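With mmCIF, C-alpha atoms inside, this is work_9.cif:
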data_start
#
loop_
_atom_site.group_PDB
_atom_site.id
_atom_site.type_symbol
_atom_site.label_atom_id
_atom_site.label_comp_id
_atom_site.auth_asym_id
_atom_site.auth_seq_id
_atom_site.Cartn_x
_atom_site.Cartn_y
_atom_site.Cartn_z
ATOM 1 C CA MET A 197 164.165 -90.445 -97.224
ATOM 2 C CA SER A 198 163.702 -86.766 -98.031
ATOM 3 C CA GLY A 199 162.613 -83.726 -96.054
ATOM 4 C CA ALA A 200 164.174 -84.935 -92.829
ATOM 5 C CA ALA A 201 162.719 -83.435 -89.673
ATOM 6 C CA THR A 202 164.916 -82.540 -86.714
ATOM 7 C CA LEU A 203 164.301 -84.442 -83.487
ATOM 8 C CA PRO A 204 164.880 -82.626 -80.197
ATOM 9 C CA THR A 205 168.103 -83.180 -78.280
ATOM 10 C CA PRO A 206 167.326 -85.576 -75.387
ATOM 11 C CA THR A 207 167.259 -83.904 -71.980
ATOM 12 C CA ARG A 208 166.893 -87.129 -69.957
ATOM 13 C CA ARG A 209 168.510 -90.572 -69.925
ATOM 14 C CA PHE A 210 165.426 -92.686 -69.234
ATOM 15 C CA PRO A 211 161.850 -92.403 -70.501
ATOM 16 C CA GLU A 212 158.937 -91.383 -68.336
ATOM 17 C CA ALA A 213 156.607 -94.244 -67.370
ATOM 18 C CA SER A 214 153.725 -92.378 -68.961
ATOM 19 C CA ALA A 215 155.732 -92.089 -72.188
ATOM 20 C CA VAL A 216 156.177 -95.876 -72.350
ATOM 21 C CA LEU A 217 152.434 -96.402 -71.960
ATOM 22 C CA GLU A 218 151.716 -93.754 -74.581
ATOM 23 C CA LEU A 219 154.199 -95.411 -76.942
ATOM 24 C CA LEU A 220 152.173 -98.636 -76.703
ATOM 25 C CA LYS A 221 148.982 -96.704 -77.648
ATOM 26 C CA PRO A 222 146.280 -98.422 -75.539
ATOM 27 C CA VAL A 223 143.560 -96.862 -77.714
ATOM 28 C CA THR A 224 144.695 -99.118 -80.589
ATOM 29 C CA TRP A 225 144.299 -102.334 -78.600
ATOM 30 C CA PHE A 226 140.524 -102.501 -79.024
ATOM 31 C CA PRO A 227 140.350 -103.894 -82.609
ATOM 32 C CA PRO A 228 142.483 -107.023 -82.053
ATOM 33 C CA VAL A 229 141.014 -107.580 -78.578
ATOM 34 C CA PHE A 230 137.485 -107.370 -79.983
ATOM 35 C CA ALA A 231 138.409 -109.658 -82.891
ATOM 36 C CA PHE A 232 139.823 -112.178 -80.415
ATOM 37 C CA ALA A 233 136.551 -111.959 -78.465
ATOM 38 C CA CYS A 234 134.672 -112.696 -81.713
ATOM 39 C CA GLY A 235 136.840 -115.769 -82.130
ATOM 40 C CA VAL A 236 136.060 -116.891 -78.595
ATOM 41 C CA VAL A 237 132.336 -116.540 -79.265
ATOM 42 C CA SER A 238 132.429 -118.203 -82.689
ATOM 43 C CA SER A 239 134.369 -121.192 -81.323
ATOM 44 C CA GLY A 240 131.327 -122.319 -79.356
ATOM 45 C CA ALA A 241 133.626 -123.550 -76.583
ATOM 46 C CA PRO A 242 132.313 -123.118 -73.021
ATOM 47 C CA LEU A 243 134.219 -120.558 -70.996
ATOM 48 C CA ALA A 244 133.849 -122.460 -67.732
ATOM 49 C CA ASP A 245 137.125 -124.356 -68.115
ATOM 50 C CA ARG A 246 138.784 -122.169 -70.781
ATOM 51 C CA TRP A 247 138.551 -118.671 -69.353
ATOM 52 C CA PRO A 248 142.279 -118.485 -68.390
ATOM 53 C CA MET A 249 143.168 -119.147 -72.042
ATOM 54 C CA ALA A 250 140.689 -116.517 -73.184
ATOM 55 C CA LEU A 251 142.119 -113.891 -70.832
ATOM 56 C CA LEU A 252 145.680 -114.752 -71.835
ATOM 57 C CA GLY A 253 144.704 -114.455 -75.486
ATOM 58 C CA LEU A 254 143.140 -111.040 -74.913
ATOM 59 C CA LEU A 255 146.329 -109.922 -73.179
ATOM 60 C CA LEU A 256 148.422 -111.193 -76.072
ATOM 61 C CA ALA A 257 146.256 -109.647 -78.789
ATOM 62 C CA GLY A 258 146.037 -106.188 -77.245
ATOM 63 C CA PRO A 259 148.616 -104.979 -74.718
ATOM 64 C CA MET A 260 151.361 -107.302 -75.955
ATOM 65 C CA VAL A 261 151.369 -107.805 -79.750
ATOM 66 C CA CYS A 262 149.393 -104.708 -80.690
ATOM 67 C CA GLY A 263 151.330 -102.618 -78.177
ATOM 68 C CA MET A 264 154.563 -103.997 -79.598
ATOM 69 C CA SER A 265 153.514 -103.113 -83.136
ATOM 70 C CA GLN A 266 152.830 -99.531 -82.075
ATOM 71 C CA ALA A 267 156.274 -99.225 -80.479
ATOM 72 C CA VAL A 268 157.912 -100.617 -83.618
ATOM 73 C CA ASN A 269 155.944 -98.219 -85.800
ATOM 74 C CA ASP A 270 156.755 -95.195 -83.646
ATOM 75 C CA TRP A 271 160.467 -95.982 -83.697
ATOM 76 C CA PHE A 272 160.729 -96.300 -87.468
ATOM 77 C CA ASP A 273 158.326 -93.389 -87.997
ATOM 78 C CA ARG A 274 159.979 -91.035 -85.524
ATOM 79 C CA HIS A 275 160.956 -88.537 -88.249
ATOM 80 C CA VAL A 276 157.503 -88.724 -89.841
ATOM 81 C CA ASP A 277 155.868 -88.210 -86.434
ATOM 82 C CA ALA A 278 158.041 -85.130 -85.913
ATOM 83 C CA VAL A 279 155.876 -83.621 -88.682
ATOM 84 C CA ASN A 280 152.515 -85.353 -88.153
ATOM 85 C CA GLU A 281 152.424 -85.831 -84.370
ATOM 86 C CA PRO A 282 155.324 -83.970 -82.703
ATOM 87 C CA HIS A 283 153.754 -84.584 -79.298
ATOM 88 C CA ARG A 284 154.383 -88.349 -79.553
ATOM 89 C CA PRO A 285 156.895 -89.751 -77.010
ATOM 90 C CA ILE A 286 159.875 -90.110 -79.353
ATOM 91 C CA PRO A 287 159.739 -86.846 -81.347
ATOM 92 C CA SER A 288 158.847 -84.885 -78.209
ATOM 93 C CA GLY A 289 161.975 -86.158 -76.423
ATOM 94 C CA ARG A 290 160.071 -87.903 -73.612
ATOM 95 C CA MET A 291 161.399 -91.214 -74.975
ATOM 96 C CA PRO A 292 165.121 -90.351 -75.297
ATOM 97 C CA GLY A 293 167.887 -91.992 -77.284
ATOM 98 C CA ARG A 294 167.128 -95.486 -78.562
ATOM 99 C CA TRP A 295 164.623 -96.325 -75.833
ATOM 100 C CA GLY A 296 161.813 -96.563 -78.373
ATOM 101 C CA LEU A 297 163.680 -99.396 -80.092
ATOM 102 C CA TYR A 298 164.503 -101.060 -76.763
ATOM 103 C CA VAL A 299 160.831 -101.095 -75.786
ATOM 104 C CA ALA A 300 159.871 -102.549 -79.182
ATOM 105 C CA VAL A 301 162.395 -105.375 -78.854
ATOM 106 C CA ALA A 302 161.481 -106.090 -75.213
ATOM 107 C CA TRP A 303 157.771 -106.230 -76.025
ATOM 108 C CA THR A 304 158.501 -108.571 -78.941
ATOM 109 C CA LEU A 305 160.232 -111.052 -76.641
ATOM 110 C CA LEU A 306 157.587 -110.732 -73.934
ATOM 111 C CA SER A 307 154.851 -111.360 -76.497
ATOM 112 C CA LEU A 308 156.484 -114.632 -77.502
ATOM 113 C CA LEU A 309 156.662 -115.697 -73.846
ATOM 114 C CA VAL A 310 152.991 -114.872 -73.278
ATOM 115 C CA ALA A 311 152.061 -116.845 -76.414
ATOM 116 C CA LEU A 312 153.751 -120.076 -75.287
ATOM 117 C CA PRO A 313 150.903 -121.316 -73.014
ATOM 118 C CA LEU A 314 148.408 -120.835 -75.869
ATOM 119 C CA GLY A 315 149.769 -123.860 -77.682
ATOM 120 C CA PRO A 316 150.827 -124.272 -81.322
ATOM 121 C CA TRP A 317 148.039 -122.116 -82.770
ATOM 122 C CA GLY A 318 148.568 -119.267 -80.331
ATOM 123 C CA PHE A 319 152.358 -119.272 -80.606
ATOM 124 C CA ALA A 320 152.334 -119.537 -84.403
ATOM 125 C CA ALA A 321 149.860 -116.671 -84.635
ATOM 126 C CA ALA A 322 152.061 -114.528 -82.391
ATOM 127 C CA VAL A 323 155.091 -115.231 -84.585
ATOM 128 C CA VAL A 324 153.154 -114.292 -87.722
ATOM 129 C CA ALA A 325 151.762 -111.119 -86.152
ATOM 130 C CA ILE A 326 155.185 -110.055 -84.872
ATOM 131 C CA ALA A 327 156.785 -110.706 -88.262
ATOM 132 C CA PHE A 328 154.144 -108.583 -89.982
ATOM 133 C CA ALA A 329 154.491 -105.827 -87.384
ATOM 134 C CA TRP A 330 158.199 -105.473 -88.051
ATOM 135 C CA ALA A 331 157.773 -105.883 -91.826
ATOM 136 C CA TYR A 332 155.060 -103.223 -91.811
ATOM 137 C CA SER A 333 157.261 -100.526 -90.286
ATOM 138 C CA ALA A 334 160.903 -101.507 -90.658
ATOM 139 C CA PRO A 335 163.059 -101.221 -93.762
ATOM 140 C CA PRO A 336 163.853 -102.765 -96.135
ATOM 141 C CA ILE A 337 160.342 -104.246 -96.470
ATOM 142 C CA ARG A 338 158.342 -101.404 -94.853
ATOM 143 C CA LEU A 339 154.912 -102.505 -96.085
ATOM 144 C CA LYS A 340 153.372 -99.230 -94.959
ATOM 145 C CA ALA A 341 155.220 -97.471 -97.779
ATOM 146 C CA ASN A 342 152.482 -98.844 -100.048
ATOM 147 C CA GLY A 343 148.949 -98.228 -98.818
ATOM 148 C CA TRP A 344 147.492 -101.177 -100.725
ATOM 149 C CA TRP A 345 149.736 -103.822 -99.190
ATOM 150 C CA GLY A 346 150.313 -102.123 -95.852
ATOM 151 C CA ASN A 347 146.625 -101.740 -95.102
ATOM 152 C CA LEU A 348 145.967 -105.324 -96.163
ATOM 153 C CA ALA A 349 148.597 -106.628 -93.736
ATOM 154 C CA CYS A 350 147.346 -104.349 -90.982
ATOM 155 C CA GLY A 351 143.717 -105.387 -91.453
ATOM 156 C CA ALA A 352 144.630 -109.070 -91.387
ATOM 157 C CA CYS A 353 146.607 -108.714 -88.161
ATOM 158 C CA TYR A 354 144.004 -106.523 -86.465
ATOM 159 C CA GLU A 355 140.927 -108.588 -87.355
ATOM 160 C CA GLY A 356 141.462 -111.931 -89.071
ATOM 161 C CA LEU A 357 144.449 -113.342 -87.243
ATOM 162 C CA PRO A 358 143.127 -112.735 -83.686
ATOM 163 C CA TRP A 359 139.691 -114.122 -84.659
ATOM 164 C CA ILE A 360 141.068 -117.341 -86.166
ATOM 165 C CA THR A 361 143.587 -117.760 -83.350
ATOM 166 C CA ALA A 362 140.953 -117.444 -80.646
ATOM 167 C CA ALA A 363 138.639 -119.916 -82.373
ATOM 168 C CA ALA A 364 141.480 -122.440 -82.684
ATOM 169 C CA VAL A 365 142.796 -121.992 -79.145
ATOM 170 C CA MET A 366 139.379 -122.173 -77.524
ATOM 171 C CA ALA A 367 138.114 -125.135 -79.555
ATOM 172 C CA GLY A 368 141.446 -126.940 -79.507
ATOM 173 C CA GLY A 369 141.591 -127.524 -83.246
ATOM 174 C CA THR A 370 141.187 -126.129 -86.747
ATOM 175 C CA PRO A 371 138.416 -123.500 -86.940
ATOM 176 C CA SER A 372 135.378 -123.975 -89.169
ATOM 177 C CA THR A 373 135.165 -122.840 -92.779
ATOM 178 C CA ALA A 374 132.712 -120.149 -91.692
ATOM 179 C CA THR A 375 135.233 -118.793 -89.197
ATOM 180 C CA PHE A 376 137.949 -118.535 -91.834
ATOM 181 C CA ALA A 377 135.561 -116.888 -94.294
ATOM 182 C CA ALA A 378 134.208 -114.323 -91.823
ATOM 183 C CA ALA A 379 137.668 -113.475 -90.485
ATOM 184 C CA ALA A 380 139.038 -113.010 -94.001
ATOM 185 C CA LEU A 381 136.135 -110.812 -95.113
ATOM 186 C CA TYR A 382 136.238 -108.555 -92.063
ATOM 187 C CA SER A 383 140.021 -108.300 -92.468
ATOM 188 C CA LEU A 384 139.434 -107.056 -95.997
ATOM 189 C CA GLY A 385 136.863 -104.592 -94.664
ATOM 190 C CA ALA A 386 139.421 -103.311 -92.172
ATOM 191 C CA HIS A 387 141.561 -102.245 -95.142
ATOM 192 C CA GLY A 388 139.137 -99.356 -95.571
ATOM 193 C CA ILE A 389 139.310 -98.456 -91.885
ATOM 194 C CA MET A 390 143.102 -98.308 -92.118
ATOM 195 C CA THR A 391 142.770 -95.914 -95.064
ATOM 196 C CA LEU A 392 140.598 -93.589 -92.983
ATOM 197 C CA ASN A 393 143.263 -93.615 -90.272
ATOM 198 C CA ASP A 394 145.843 -92.489 -92.827
ATOM 199 C CA PHE A 395 144.088 -89.170 -93.449
ATOM 200 C CA LYS A 396 145.549 -87.707 -90.262
ATOM 201 C CA SER A 397 149.135 -88.095 -91.497
ATOM 202 C CA VAL A 398 148.988 -86.925 -95.111
ATOM 203 C CA GLU A 399 151.569 -84.132 -94.752
ATOM 204 C CA GLY A 400 154.268 -86.255 -93.175
ATOM 205 C CA ASP A 401 153.554 -89.265 -95.395
ATOM 206 C CA ARG A 402 153.871 -87.168 -98.535
ATOM 207 C CA ARG A 403 157.030 -85.499 -97.279
ATOM 208 C CA PHE A 404 158.763 -88.785 -96.465
ATOM 209 C CA GLY A 405 157.582 -90.777 -99.470
ATOM 210 C CA ILE A 406 155.040 -93.016 -97.712
ATOM 211 C CA GLY A 407 152.467 -94.037 -100.290
ATOM 212 C CA SER A 408 149.331 -94.176 -98.189
ATOM 213 C CA LEU A 409 146.145 -94.212 -100.257
ATOM 214 C CA PRO A 410 145.265 -90.585 -99.387
ATOM 215 C CA VAL A 411 148.703 -89.636 -100.746
ATOM 216 C CA LEU A 412 148.548 -91.911 -103.806
ATOM 217 C CA LEU A 413 144.939 -91.263 -104.788
ATOM 218 C CA GLY A 414 144.056 -87.954 -103.172
ATOM 219 C CA PRO A 415 141.453 -87.525 -100.404
ATOM 220 C CA GLU A 416 138.309 -87.926 -102.527
ATOM 221 C CA ARG A 417 139.329 -91.095 -104.383
ATOM 222 C CA ALA A 418 140.876 -92.600 -101.251
ATOM 223 C CA GLY A 419 137.624 -91.982 -99.398
ATOM 224 C CA ARG A 420 135.635 -93.783 -102.076
ATOM 225 C CA VAL A 421 138.074 -96.699 -102.124
ATOM 226 C CA ALA A 422 137.866 -96.967 -98.321
ATOM 227 C CA CYS A 423 134.070 -97.120 -98.467
ATOM 228 C CA VAL A 424 134.140 -99.865 -101.115
ATOM 229 C CA PHE A 425 136.601 -101.910 -99.051
ATOM 230 C CA MET A 426 134.419 -101.557 -95.956
ATOM 231 C CA ALA A 427 131.045 -102.185 -97.631
ATOM 232 C CA VAL A 428 131.577 -105.012 -100.124
ATOM 233 C CA PRO A 429 132.959 -107.633 -97.673
ATOM 234 C CA GLN A 430 130.045 -106.993 -95.314
ATOM 235 C CA ALA A 431 127.586 -107.516 -98.157
ATOM 236 C CA VAL A 432 129.284 -110.844 -98.875
ATOM 237 C CA VAL A 433 129.066 -111.768 -95.166
ATOM 238 C CA ALA A 434 125.313 -111.064 -95.174
ATOM 239 C CA ALA A 435 124.876 -113.201 -98.301
ATOM 240 C CA LEU A 436 126.871 -116.060 -96.784
ATOM 241 C CA LEU A 437 124.881 -115.956 -93.550
ATOM 242 C CA LEU A 438 121.682 -116.176 -95.579
ATOM 243 C CA ALA A 439 123.054 -119.097 -97.605
ATOM 244 C CA TRP A 440 124.181 -120.840 -94.421
ATOM 245 C CA GLY A 441 120.699 -120.736 -92.915
ATOM 246 C CA ALA A 442 121.020 -117.768 -90.562
ATOM 247 C CA PRO A 443 118.499 -115.314 -92.066
ATOM 248 C CA TRP A 444 118.051 -113.212 -88.922
ATOM 249 C CA HIS A 445 121.758 -112.717 -88.470
ATOM 250 C CA ALA A 446 122.048 -111.899 -92.177
ATOM 251 C CA ALA A 447 119.294 -109.314 -91.824
ATOM 252 C CA VAL A 448 121.015 -107.635 -88.859
ATOM 253 C CA VAL A 449 124.333 -107.438 -90.732
ATOM 254 C CA ALA A 450 122.497 -105.994 -93.748
ATOM 255 C CA VAL A 451 120.786 -103.344 -91.597
ATOM 256 C CA LEU A 452 124.103 -102.428 -89.983
ATOM 257 C CA LEU A 453 125.640 -102.114 -93.446
ATOM 258 C CA ALA A 454 122.761 -99.919 -94.618
ATOM 259 C CA GLY A 455 123.441 -97.618 -91.667
ATOM 260 C CA GLN A 456 127.090 -97.417 -92.647
ATOM 261 C CA VAL A 457 126.234 -96.616 -96.261
ATOM 262 C CA ALA A 458 124.107 -93.692 -95.051
ATOM 263 C CA LEU A 459 127.025 -92.458 -92.939
ATOM 264 C CA MET A 460 129.421 -92.962 -95.860
ATOM 265 C CA ALA A 461 127.354 -90.559 -97.945
ATOM 266 C CA ARG A 462 128.216 -87.819 -95.469
ATOM 267 C CA LEU A 463 131.834 -88.993 -95.112
ATOM 268 C CA LEU A 464 132.437 -88.629 -98.841
ATOM 269 C CA ARG A 465 131.553 -84.930 -98.739
ATOM 270 C CA ASP A 466 134.822 -84.331 -96.867
ATOM 271 C CA PRO A 467 136.742 -87.613 -96.359
ATOM 272 C CA ARG A 468 139.759 -86.019 -94.747
ATOM 273 C CA GLY A 469 137.824 -83.817 -92.334
ATOM 274 C CA LEU A 470 135.150 -86.377 -91.457
ATOM 275 C CA ALA A 471 137.351 -89.503 -91.133
ATOM 276 C CA PRO A 472 137.575 -89.154 -87.303
ATOM 277 C CA TRP A 473 133.785 -88.719 -87.142
ATOM 278 C CA TYR A 474 133.228 -91.868 -89.210
ATOM 279 C CA ASN A 475 135.647 -93.826 -87.045
ATOM 280 C CA GLY A 476 133.412 -93.040 -84.084
ATOM 281 C CA THR A 477 130.137 -93.882 -85.848
ATOM 282 C CA GLY A 478 130.390 -96.143 -88.887
ATOM 283 C CA VAL A 479 133.189 -98.295 -87.478
ATOM 284 C CA LEU A 480 131.033 -99.023 -84.433
ATOM 285 C CA LEU A 481 128.407 -100.521 -86.752
ATOM 286 C CA PHE A 482 131.135 -102.461 -88.559
ATOM 287 C CA VAL A 483 132.430 -104.169 -85.406
ATOM 288 C CA THR A 484 128.871 -104.835 -84.197
ATOM 289 C CA GLY A 485 128.361 -106.832 -87.372
ATOM 290 C CA MET A 486 131.474 -108.826 -86.530
ATOM 291 C CA MET A 487 129.994 -109.987 -83.244
ATOM 292 C CA VAL A 488 126.625 -110.736 -84.848
ATOM 293 C CA THR A 489 128.446 -112.926 -87.360
ATOM 294 C CA ALA A 490 130.399 -114.634 -84.580
ATOM 295 C CA THR A 491 127.174 -115.541 -82.760
ATOM 296 C CA ALA A 492 125.786 -117.047 -85.964
ATOM 297 C CA ILE A 493 128.912 -119.180 -86.415
ATOM 298 C CA ARG A 494 128.666 -120.263 -82.784
ATOM 299 C CA ALA A 495 125.286 -121.790 -83.642
ATOM 300 C CA GLY A 496 127.043 -124.118 -86.063
ATOM 301 C CA ILE A 497 126.311 -122.578 -89.451
ATOM 302 C CA GLY A 498 128.737 -122.916 -92.358
ATOM 303 C CA ALA A 499 130.770 -125.644 -90.659
#

Kindly return the structure encoded in the file as structure tokens.
Amino acid sequence: MSGAATLPTPTRRFPEASAVLELLKPVTWFPPVFAFACGVVSSGAPLADRWPMALLGLLLAGPMVCGMSQAVNDWFDRHVDAVNEPHRPIPSGRMPGRWGLYVAVAWTLLSLLVALPLGPWGFAAAVVAIAFAWAYSAPPIRLKANGWWGNLACGACYEGLPWITAAAVMAGGTPSTATFAAAALYSLGAHGIMTLNDFKSVEGDRRFGIGSLPVLLGPERAGRVACVFMAVPQAVVAALLLAWGAPWHAAVVAVLLAGQVALMARLLRDPRGLAPWYNGTGVLLFVTGMMVTATAIRAGIGA
């Protein structure tokens, strides 16, 4: 690691409660929670007698596993954040000493406990997600050091894994072929979303040797690659829905994709500057397509 940044000398022994919550980044919980909700819908299982499992799964996907992954990432990125986001709990000193690591470990164990009532599928998914979370941030693997592999792992854990897990837990068995296909394709699409998120940390990533796609390819090429990753899987989803006998759902996904392509044209004028804008516009259309696809699968297509 080169270009080491200096962290402030701790002025307190214990972290502030608000710092712990900020470390878990609640704003990042939405993608896996929404993907889990898509899995609940696509399972076709009635909620009347399964709602406790659904709520437990939402808790596991968001506040627990996703929150844990954010704590792990912040601990191993504390020197990078001192450059990119010095206001974060660890580099700012509001999370003193090794408390960031303690929170990450505690949340890992709590996540496994929460996963136990969800049965084999839920517990296995939690183990896989936790393993990827640590492998993504922690050396010696540190998947995030390569934007191609890191974003692929992140997309799978944010979208595909929660979707498949929810479908399995709610239906009490192996999900349909359509569920696996949709979850995999939207996971691949999320690779592009992860690339857009990397634009905010180019300086620190470059300084500490993290090969995010904006660092490896430059902003313009990375922006184009992100758009391809987001658009192509959705086009395949629309084609599959049409082939599976859901023409109206296919048409809605296609229209949502067309809206994203129009927004991408503006994004590519300044990928780095407009990435936050696209995350608030184009990504909304992306996740809407996920739920449209889930409702089509619920109707029994592509079984």

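Closest to Cys423 (chain A) among A:Ala458, A:Ala325, A:Leu309, A:Leu381 is A:Ala458, based on only C-alpha atoms.
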
Nearest residue to Leu348 (chain A) out of A:Phe272, A:Trp330, A:Phe319, A:Tyr382, using all atoms listed in the file? A:Tyr382

Rounded to one decimal place, report the CA of Leu312 (chain A)-CA of Pro358 (chain A) distance in Å. 15.4 Å

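Taking all atoms listed in the file into account, His275 (chain A) lies nearest to A:Phe404 out of the set A:Ala257, A:Phe404, A:Ser383, A:Val236.
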
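Here CA of Ala267 (chain A) is placed at a distance of 19.2 Å from CA of Glu355 (chain A).
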
Determine, counting only C-alpha atoms, every residue of protein, DNA or RNA that lies within 10 Å of (158.4, -108.2, -86.0) in the file coordinates, then give the result as a PDB file with C-alpha atoms, in the coordinates of the input.
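What ended up in out_2.pdb:
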ATOM      1  CA  VAL A 261     151.369-107.805 -79.750  1.00  0.00           C
ATOM      2  CA  MET A 264     154.563-103.997 -79.598  1.00  0.00           C
ATOM      3  CA  SER A 265     153.514-103.113 -83.136  1.00  0.00           C
ATOM      4  CA  VAL A 268     157.912-100.617 -83.618  1.00  0.00           C
ATOM      5  CA  ALA A 300     159.871-102.549 -79.182  1.00  0.00           C
ATOM      6  CA  VAL A 301     162.395-105.375 -78.854  1.00  0.00           C
ATOM      7  CA  THR A 304     158.501-108.571 -78.941  1.00  0.00           C
ATOM      8  CA  LEU A 305     160.232-111.052 -76.641  1.00  0.00           C
ATOM      9  CA  ALA A 322     152.061-114.528 -82.391  1.00  0.00           C
ATOM     10  CA  VAL A 323     155.091-115.231 -84.585  1.00  0.00           C
ATOM     11  CA  VAL A 324     153.154-114.292 -87.722  1.00  0.00           C
ATOM     12  CA  ALA A 325     151.762-111.119 -86.152  1.00  0.00           C
ATOM     13  CA  ILE A 326     155.185-110.055 -84.872  1.00  0.00           C
ATOM     14  CA  ALA A 327     156.785-110.706 -88.262  1.00  0.00           C
ATOM     15  CA  PHE A 328     154.144-108.583 -89.982  1.00  0.00           C
ATOM     16  CA  ALA A 329     154.491-105.827 -87.384  1.00  0.00           C
ATOM     17  CA  TRP A 330     158.199-105.473 -88.051  1.00  0.00           C
ATOM     18  CA  ALA A 331     157.773-105.883 -91.826  1.00  0.00           C
ATOM     19  CA  TYR A 332     155.060-103.223 -91.811  1.00  0.00           C
ATOM     20  CA  SER A 333     157.261-100.526 -90.286  1.00  0.00           C
ATOM     21  CA  ALA A 334     160.903-101.507 -90.658  1.00  0.00           C
TER      22      ALA A 334
END

Given the PyMOL selection byres ((chain A and resi 215-232) around 8) and the file above, list the residues it selects as a PyMOL selection string. chain A and resi 211-214+233-236+253-255+257-259+262-267+270+284-285+290-291+296+299+353-356+358-362+486

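Separating CA of Val483 (chain A) from CA of Leu384 (chain A) is a distance of 13.0 Å.
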
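Distances to Pro282 (chain A) were evaluated for A:Gln430, A:Asn475, A:Ser397, A:Gln456 using only C-alpha atoms, and the minimum falls at A:Ser397.
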
Selected residue of minimal separation from Trp444 (chain A) among A:Val398, A:Leu392, A:Ser239, A:Thr489, counting all atoms listed in the file: A:Thr489

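Distance annotation: of A:Val310, A:Ala341, A:Leu481, A:Ala379, the residue with the minimal separation from Pro429 (chain A) is A:Ala379; atom set is all atoms listed in the file.
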
Could you list the residues chosen by the PyMOL selection byres ((chain A and resi 467) around 8) in this structure as a ChimeraX atom specification? /A:392,415-416,419,463-466,468-471

What residues have an atom no more than 7 Å from (130.0, -114.6, -80.3) in the file's own frame, counting all atoms listed in the file, and can you write them as a list in words? Cys234, Val236, Val237, Ser238, Met487, Val488, Ala490, Thr491 and Arg494 of chain A
